[in-house]
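Asker: Below is the file my_file.cif, with mmCIF, C-alpha atoms.
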```cif
data_coords
#
loop_
_atom_site.label_atom_id
_atom_site.label_comp_id
_atom_site.auth_asym_id
_atom_site.auth_seq_id
_atom_site.Cartn_x
_atom_site.Cartn_y
_atom_site.Cartn_z
CA MET A 1 72.09 180.16 55.37
CA THR A 2 69.39 182.79 54.87
CA ASN A 3 70.25 186.21 56.18
CA VAL A 4 69.78 189.90 55.65
CA HIS A 5 72.67 191.74 54.01
CA PRO A 6 73.95 194.74 56.01
CA ASP A 7 73.59 196.95 52.93
CA ALA A 8 70.13 195.63 52.13
CA GLN A 9 68.31 198.95 52.01
CA PRO A 10 66.78 199.16 48.54
CA SER A 11 65.92 202.50 47.08
CA PRO A 12 62.20 203.04 46.47
CA PRO A 13 61.25 201.43 43.15
CA ALA A 14 60.76 203.81 40.26
CA ALA A 15 57.15 204.83 39.84
CA ALA A 16 55.47 202.60 37.27
CA PRO A 17 51.94 201.49 36.48
CA SER A 18 50.92 198.15 37.94
CA LEU A 19 51.31 195.16 35.64
CA ARG A 20 50.18 191.75 36.89
CA PRO A 21 52.06 188.79 35.39
CA HIS A 22 48.82 187.00 34.62
CA THR A 23 45.08 187.34 35.00
CA PRO A 24 43.55 186.23 38.35
CA LEU A 25 43.00 182.49 38.87
CA PRO A 26 39.87 182.13 41.03
CA ASP A 27 40.17 178.33 41.14
CA TYR A 28 43.05 178.82 43.58
CA TYR A 29 42.35 182.10 45.43
CA ALA A 30 39.80 184.91 45.66
CA THR A 31 41.87 187.90 46.79
CA ASP A 32 45.44 189.18 46.52
CA ALA A 33 46.05 188.24 50.15
CA GLU A 34 44.82 184.70 49.49
CA ARG A 35 47.06 184.52 46.41
CA ASP A 36 50.11 185.44 48.48
CA ARG A 37 49.27 182.81 51.09
CA PHE A 38 48.56 180.17 48.46
CA ILE A 39 51.86 180.72 46.64
CA ALA A 40 53.84 180.80 49.89
CA ARG A 41 52.25 177.56 51.05
CA MET A 42 52.68 175.77 47.74
CA PHE A 43 56.35 176.57 47.29
CA ASN A 44 57.31 176.08 50.92
CA ASP A 45 55.50 172.76 51.25
CA THR A 46 56.56 171.19 47.93
CA ALA A 47 60.17 172.40 47.81
CA SER A 48 61.63 168.98 48.64
CA ASP A 49 59.96 167.45 45.55
CA TYR A 50 60.78 170.21 43.08
CA ASP A 51 64.20 169.17 41.75
CA ARG A 52 63.28 165.50 41.49
CA ILE A 53 60.21 166.20 39.36
CA GLU A 54 61.97 168.85 37.25
CA ARG A 55 64.65 166.32 36.27
CA VAL A 56 62.00 163.87 35.07
CA LEU A 57 59.99 166.48 33.14
CA ALA A 58 63.06 168.01 31.46
CA TRP A 59 64.22 164.56 30.28
CA GLY A 60 67.64 165.31 31.71
CA SER A 61 68.23 168.37 29.51
CA GLY A 62 67.46 171.09 32.06
CA ARG A 63 71.03 171.71 33.20
CA TRP A 64 72.37 171.94 29.65
CA TYR A 65 69.61 174.29 28.53
CA ARG A 66 69.97 176.65 31.49
CA ARG A 67 73.72 176.90 31.00
CA GLU A 68 73.37 177.60 27.27
CA ALA A 69 70.73 180.28 27.93
CA LEU A 70 73.05 181.98 30.42
CA ARG A 71 75.87 181.89 27.87
CA ARG A 72 73.63 183.37 25.18
CA ALA A 73 72.70 186.18 27.56
CA GLY A 74 76.35 187.11 28.08
CA LEU A 75 77.21 185.59 31.46
CA ALA A 76 80.98 185.27 31.68
CA SER A 77 83.80 184.43 34.05
CA GLY A 78 84.29 186.76 37.00
CA MET A 79 80.83 188.35 36.97
CA GLN A 80 78.81 189.13 40.08
CA VAL A 81 75.36 187.58 39.67
CA LEU A 82 72.03 188.25 41.37
CA ASP A 83 69.60 185.35 40.88
CA VAL A 84 66.05 186.54 41.64
CA GLY A 85 63.63 183.77 42.55
CA ILE A 86 66.54 181.40 43.12
CA GLY A 87 64.18 178.65 44.27
CA THR A 88 66.17 175.46 44.78
CA GLY A 89 69.14 176.85 42.86
CA LEU A 90 68.73 175.27 39.42
CA VAL A 91 69.74 178.37 37.45
CA ALA A 92 72.24 179.47 40.08
CA ARG A 93 74.13 176.17 39.83
CA GLU A 94 74.82 176.71 36.14
CA ALA A 95 75.63 180.39 36.66
CA LEU A 96 78.28 179.51 39.25
CA ALA A 97 79.93 177.13 36.81
CA LEU A 98 80.19 179.92 34.25
CA VAL A 99 81.44 182.74 36.51
CA GLY A 100 84.07 180.53 38.12
CA ALA A 101 86.14 181.23 41.21
CA GLY A 102 86.47 184.92 40.34
CA GLY A 103 82.72 185.46 40.28
CA SER A 104 80.03 185.44 42.95
CA LEU A 105 76.31 184.87 43.27
CA VAL A 106 73.60 186.18 45.57
CA GLY A 107 70.18 184.52 45.53
CA VAL A 108 66.91 186.18 46.50
CA ASP A 109 63.62 184.36 47.10
CA PRO A 110 60.52 184.87 49.28
CA SER A 111 60.28 181.12 50.06
CA PRO A 112 62.37 179.79 52.96
CA GLY A 113 61.32 176.28 51.97
CA MET A 114 62.75 176.59 48.47
CA MET A 115 65.96 178.23 49.64
CA GLY A 116 66.34 175.47 52.20
CA GLU A 117 66.93 173.10 49.28
CA VAL A 118 69.81 175.16 47.83
CA ARG A 119 73.07 173.21 48.15
CA LEU A 120 75.58 175.63 46.67
CA PRO A 121 78.65 176.54 48.74
CA GLY A 122 79.56 180.21 48.78
CA VAL A 123 76.16 181.47 47.67
CA GLU A 124 74.59 184.21 49.80
CA LEU A 125 70.83 183.72 50.25
CA LEU A 126 68.52 186.61 51.07
CA THR A 127 64.81 186.56 51.80
CA GLY A 128 63.11 189.09 49.56
CA ARG A 129 60.82 189.81 46.64
CA ALA A 130 61.49 190.96 43.10
CA GLU A 131 59.55 194.18 43.68
CA ALA A 132 61.85 195.27 46.56
CA LEU A 133 65.23 193.60 46.19
CA PRO A 134 67.37 193.64 49.35
CA ARG A 135 70.45 194.79 47.43
CA PRO A 136 72.22 198.15 46.95
CA ASP A 137 72.07 200.17 43.74
CA ALA A 138 74.42 199.07 40.94
CA SER A 139 75.62 196.00 42.85
CA CYS A 140 75.69 193.25 40.20
CA ASP A 141 76.91 192.63 36.65
CA PHE A 142 74.25 190.10 35.69
CA LEU A 143 70.72 189.45 36.91
CA SER A 144 68.85 186.22 36.22
CA MET A 145 65.30 185.08 36.91
CA GLY A 146 64.39 181.51 36.05
CA TYR A 147 60.70 180.67 35.55
CA ALA A 148 59.54 182.92 38.38
CA LEU A 149 58.05 185.87 36.49
CA ARG A 150 54.55 184.35 36.69
CA HIS A 151 54.74 184.11 40.47
CA ILE A 152 55.59 187.71 41.37
CA ASN A 153 52.96 190.30 42.24
CA ASP A 154 53.79 193.14 39.88
CA VAL A 155 56.04 193.11 36.82
CA ALA A 156 56.59 196.86 36.46
CA PRO A 157 58.21 197.57 39.86
CA ALA A 158 60.14 194.30 39.62
CA PHE A 159 61.73 195.37 36.33
CA ALA A 160 62.45 198.79 37.83
CA GLU A 161 64.27 197.02 40.66
CA PHE A 162 66.21 194.85 38.21
CA HIS A 163 67.38 198.02 36.47
CA ARG A 164 68.32 199.65 39.79
CA VAL A 165 70.56 196.87 41.10
CA LEU A 166 72.42 196.29 37.82
CA ARG A 167 75.60 198.22 37.13
CA PRO A 168 75.80 200.31 33.95
CA GLY A 169 76.38 197.85 31.13
CA GLY A 170 74.91 195.03 33.24
CA ARG A 171 72.96 192.25 31.55
CA LEU A 172 69.56 190.71 32.31
CA LEU A 173 68.12 187.25 31.56
CA VAL A 174 64.52 186.28 32.35
CA LEU A 175 63.64 182.68 31.51
CA GLU A 176 59.98 181.77 31.09
CA ILE A 177 57.68 179.20 29.54
CA THR A 178 55.22 180.85 27.18
CA ARG A 179 52.13 179.77 25.32
CA PRO A 180 52.81 178.21 21.90
CA ALA A 181 51.74 180.39 18.99
CA SER A 182 49.78 177.63 17.24
CA ARG A 183 46.50 176.18 18.50
CA ALA A 184 47.80 172.63 18.02
CA GLY A 185 50.91 173.42 20.03
CA LEU A 186 48.83 175.03 22.77
CA LEU A 187 46.53 172.01 23.05
CA ALA A 188 49.47 169.61 23.13
CA LEU A 189 51.30 171.55 25.84
CA LYS A 190 48.11 171.95 27.85
CA ALA A 191 47.47 168.21 27.77
CA TYR A 192 51.07 167.56 28.81
CA MET A 193 51.03 170.08 31.66
CA ARG A 194 47.49 169.43 32.93
CA ALA A 195 47.45 165.63 32.67
CA PHE A 196 50.90 164.07 32.31
CA VAL A 197 52.84 166.41 34.61
CA PRO A 198 50.50 166.11 37.62
CA LEU A 199 50.50 162.32 37.11
CA VAL A 200 54.29 162.29 37.25
CA ALA A 201 54.17 164.54 40.30
CA ARG A 202 51.86 162.09 42.08
CA ILE A 203 54.12 159.15 41.23
CA VAL A 204 57.52 160.74 41.82
CA GLY A 205 56.62 163.30 44.48
CA ARG A 206 56.45 162.57 48.16
CA ARG A 207 53.75 165.12 48.97
CA LYS A 208 50.12 165.02 47.88
CA ASP A 209 50.01 168.77 47.09
CA THR A 210 52.96 168.60 44.66
CA ALA A 211 50.58 167.70 41.81
CA GLU A 212 48.53 170.82 42.58
CA LEU A 213 51.63 172.99 42.24
CA TRP A 214 52.27 171.70 38.74
CA ARG A 215 48.62 172.18 37.68
CA TYR A 216 48.90 175.76 38.93
CA TYR A 217 52.16 176.08 37.00
CA TRP A 218 50.31 175.41 33.73
CA ASP A 219 47.40 177.70 34.58
CA THR A 220 49.82 180.60 35.12
CA ILE A 221 51.46 179.86 31.77
CA GLU A 222 48.10 179.89 29.98
CA ALA A 223 47.03 183.15 31.68
CA CYS A 224 50.41 184.92 31.46
CA ILE A 225 50.87 188.29 29.80
CA ALA A 226 52.08 188.19 26.20
CA PRO A 227 55.80 188.26 25.36
CA GLU A 228 55.33 191.65 23.66
CA THR A 229 53.99 193.02 26.95
CA VAL A 230 57.00 191.67 28.85
CA MET A 231 59.39 193.29 26.38
CA ALA A 232 57.53 196.61 26.48
CA ALA A 233 57.73 196.57 30.29
CA LEU A 234 61.49 196.00 30.15
CA ARG A 235 61.89 199.00 27.84
CA ALA A 236 59.66 201.10 30.10
CA ALA A 237 61.95 200.22 33.02
CA GLY A 238 64.89 201.74 31.13
CA PHE A 239 66.49 198.67 29.56
CA GLN A 240 68.05 198.71 26.12
CA ASP A 241 68.64 196.02 23.49
CA VAL A 242 65.56 194.12 24.69
CA GLN A 243 65.26 190.81 22.83
CA ARG A 244 63.44 187.50 23.03
CA HIS A 245 65.00 184.21 21.96
CA VAL A 246 62.68 181.18 21.77
CA GLU A 247 63.56 177.48 21.94
CA LEU A 248 61.11 174.72 20.94
CA GLY A 249 58.36 177.32 20.59
CA ILE A 250 57.79 177.66 24.35
CA PHE A 251 61.04 178.45 26.17
CA SER A 252 61.45 182.22 26.11
CA GLU A 253 64.72 183.94 26.97
CA TYR A 254 64.18 187.67 27.53
CA THR A 255 67.47 189.54 27.49
CA ALA A 256 68.29 193.21 27.99
CA VAL A 257 71.12 195.57 28.90
CA LYS A 258 71.33 198.52 31.28
CA ALA A 259 72.83 201.46 29.41
CA ASP A 260 76.48 202.18 30.13
CA HIS A 261 76.69 205.88 31.01
CA ALA A 262 80.31 205.76 32.07
#
```
Please go through the file and, once you have read it, give me the structure as structure tokens.

Answerer:
Amino acid sequence: MTNVHPDAQPSPPAAAPSLRPHTPLPDYYATDAERDRFIARMFNDTASDYDRIERVLAWGSGRWYRREALRRAGLASGMQVLDVGIGTGLVAREALALVGAGGSLVGVDPSPGMMGEVRLPGVELLTGRAEALPRPDASCDFLSMGYALRHINDVAPAFAEFHRVLRPGGRLLVLEITRPASRAGLLALKAYMRAFVPLVARIVGRRKDTAELWRYYWDTIEACIAPETVMAALRAAGFQDVQRHVELGIFSEYTAVKADHA
């Protein structure tokens, strides 16, 4: 059930310069307002196909990888988790398994369609955006964001919000797909994402526009800000111990810690 938390009065985000997650993509939209409408439509309309296609594209390894990434980032039993951009709940499902009965999870997403696909008992779902999280200050031990960084409007205020809602000593994990460093790797991934993935989406998906979503997915990867820029933005937001772990040359795990001033 999607609702608004009674304490959902976020403090104003810390002042920070604007930082777009990727350069504009005029093939899909012409203005910021059109971008917002395009993203809302795409995720709402294709939500029912998302998990089915993800399972095919991940060759069945998605659940294992997400759980291992959460473990590497320090998620442990009993923690209170905020999953930003919860989508259909793929990261949240693995987080719940790790925190156990003593932990809890709140999911935030701007897409009612995506959250309508979440099937996780006990999870509180809130409509909201990364740049203005509907959560109180210092209200979670661990914050995760799985493959949603490229779809937010502004990285700097989002990271400021992540810092605000974490408790002192709280841990952060941002999962993303990033461009391979080598030209050969880039060409191979581009061919996979621009040709094979949309083909799978057309075969496996039930909606015609699902293939468009996955083409857009690649275009945001190709145009995304560099990992060094992401890490610098995390430090600028006040995070410490900012690190990036990479699997298979493309799966980036950005981790950081909010300083413990206690």

Asker: Using the chain letters and numbers from this file, what does the PyMOL selection byres ((chain A and resi 100) around 12) select? Give the answer as an MDAnalysis selection string.

Answerer: chainID A and resid 75:81 93:99 101:105 122

Asker: Quote the spacing between CA of Tyr217 in chain A and CA of His151 in chain A in Å to one decimal place.

Answerer: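 That distance, rounded to one decimal, is 9.1 Å.
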
Asker: Enter the distance from CA of Pro198 in chain A to CA of Phe43 in chain A, in Å, rounded to one decimal.

Answerer: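 Rounded to one decimal, the two atoms are 15.4 Å apart.
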
Asker: Report as a JSON list (two decimals) with C-alpha atoms, in the coordinates of the input the residues that result from applying the PyMOL selection byres ((chain A and resi 250-252) around 7) to the structure here.

Answerer:
```
[["chain", "number", "residue", "atom", "x", "y", "z"],
["A", 175, "LEU", "CA", 63.64, 182.68, 31.51],
["A", 176, "GLU", "CA", 59.98, 181.77, 31.09],
["A", 177, "ILE", "CA", 57.68, 179.20, 29.54],
["A", 178, "THR", "CA", 55.22, 180.85, 27.18],
["A", 179, "ARG", "CA", 52.13, 179.77, 25.32],
["A", 180, "PRO", "CA", 52.81, 178.21, 21.90],
["A", 244, "ARG", "CA", 63.44, 187.50, 23.03],
["A", 245, "HIS", "CA", 65.00, 184.21, 21.96],
["A", 246, "VAL", "CA", 62.68, 181.18, 21.77],
["A", 247, "GLU", "CA", 63.56, 177.48, 21.94],
["A", 248, "LEU", "CA", 61.11, 174.72, 20.94],
["A", 249, "GLY", "CA", 58.36, 177.32, 20.59],
["A", 253, "GLU", "CA", 64.72, 183.94, 26.97],
["A", 254, "TYR", "CA", 64.18, 187.67, 27.53]]
```

Asker: Give me the residues near Leu82 in chain A as number ranges by chain, where near means some atom within 8 Å (using only C-alpha atoms) and where sequence neighbours in that chain fewer than 2 positions away do not count.

Answerer: A: 80, 84, 105-108, 140, 142-144

Asker: Since I can't run it myself right now, could you work out what the PyMOL selection byres ((chain A and resi 153-161) around 8) selects here and report it as a ChimeraX atom specification?

Answerer: /A:13-21,130-133,149,151-152,162-165,233-234,237-238

Asker: Step by step: start from the point (74.0, 193.6, 33.8) in the file's coordinates, keep every protein, DNA or RNA residue that has an atom no farther than 8 Å from it, count all atoms listed in the file, and write the set as a PyMOL selection string.

Answerer: chain A and resi 140-143+166-172+257-258

Asker: Write out as a PyMOL selection string which residues come within 12 Å of Arg52 in chain A when counting only C-alpha atoms, dropping same-chain ones fewer than 6 positions away.

Answerer: chain A and resi 46+58-60+62+88+90+117+200-206+210

Asker: Have a look at A:Arg183, A:Asp83, A:Ala259, A:Asp209 and name the one nearest to Arg235 in chain A; count only C-alpha atoms.

Answerer: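 That would be A:Ala259, the residue with the smallest distance to Arg235 in chain A.
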
Asker: Just to confirm, what's the straight-line distance from CA of Gly128 in chain A to CA of Trp64 in chain A in Å (one decimal)?

Answerer: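 These atoms are spaced 27.9 Å apart.
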
Asker: Kindly indicate which residue among A:Arg35, A:Leu189, A:Arg119, A:Gly146 lies nearest to Leu70 in chain A, using all atoms listed in the file for the distances.

Answerer: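 Ranking A:Arg35, A:Leu189, A:Arg119, A:Gly146 by distance to Leu70 in chain A, first place goes to A:Gly146.
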
Asker: Find the residue from A:Ala236, A:Ala30, A:Val197, A:Ala256 that sits nearest to Arg55 in chain A; use all atoms listed in the file when measuring.

Answerer: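 Checking each of A:Ala236, A:Ala30, A:Val197, A:Ala256 against Arg55 in chain A, counting all atoms listed in the file, the winner is A:Val197.
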
Asker: Rank A:Asp260, A:Ile53, A:Ser61, A:Glu228 by their smallest atom-to-atom distance to Gln240 in chain A, using only C-alpha atoms, and report the top residue only.

Answerer: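 Using only C-alpha atoms, Gln240 in chain A sits closest to A:Asp260.
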
Asker: List as a list in words the protein and nucleic acid residues near Cys224 in chain A, meaning an atom at most 7 Å away when only C-alpha atoms are counted, but skip any in the same chain fewer than 6 places from it.

Answerer: Pro21, His22, Thr23 and Arg150 of chain A
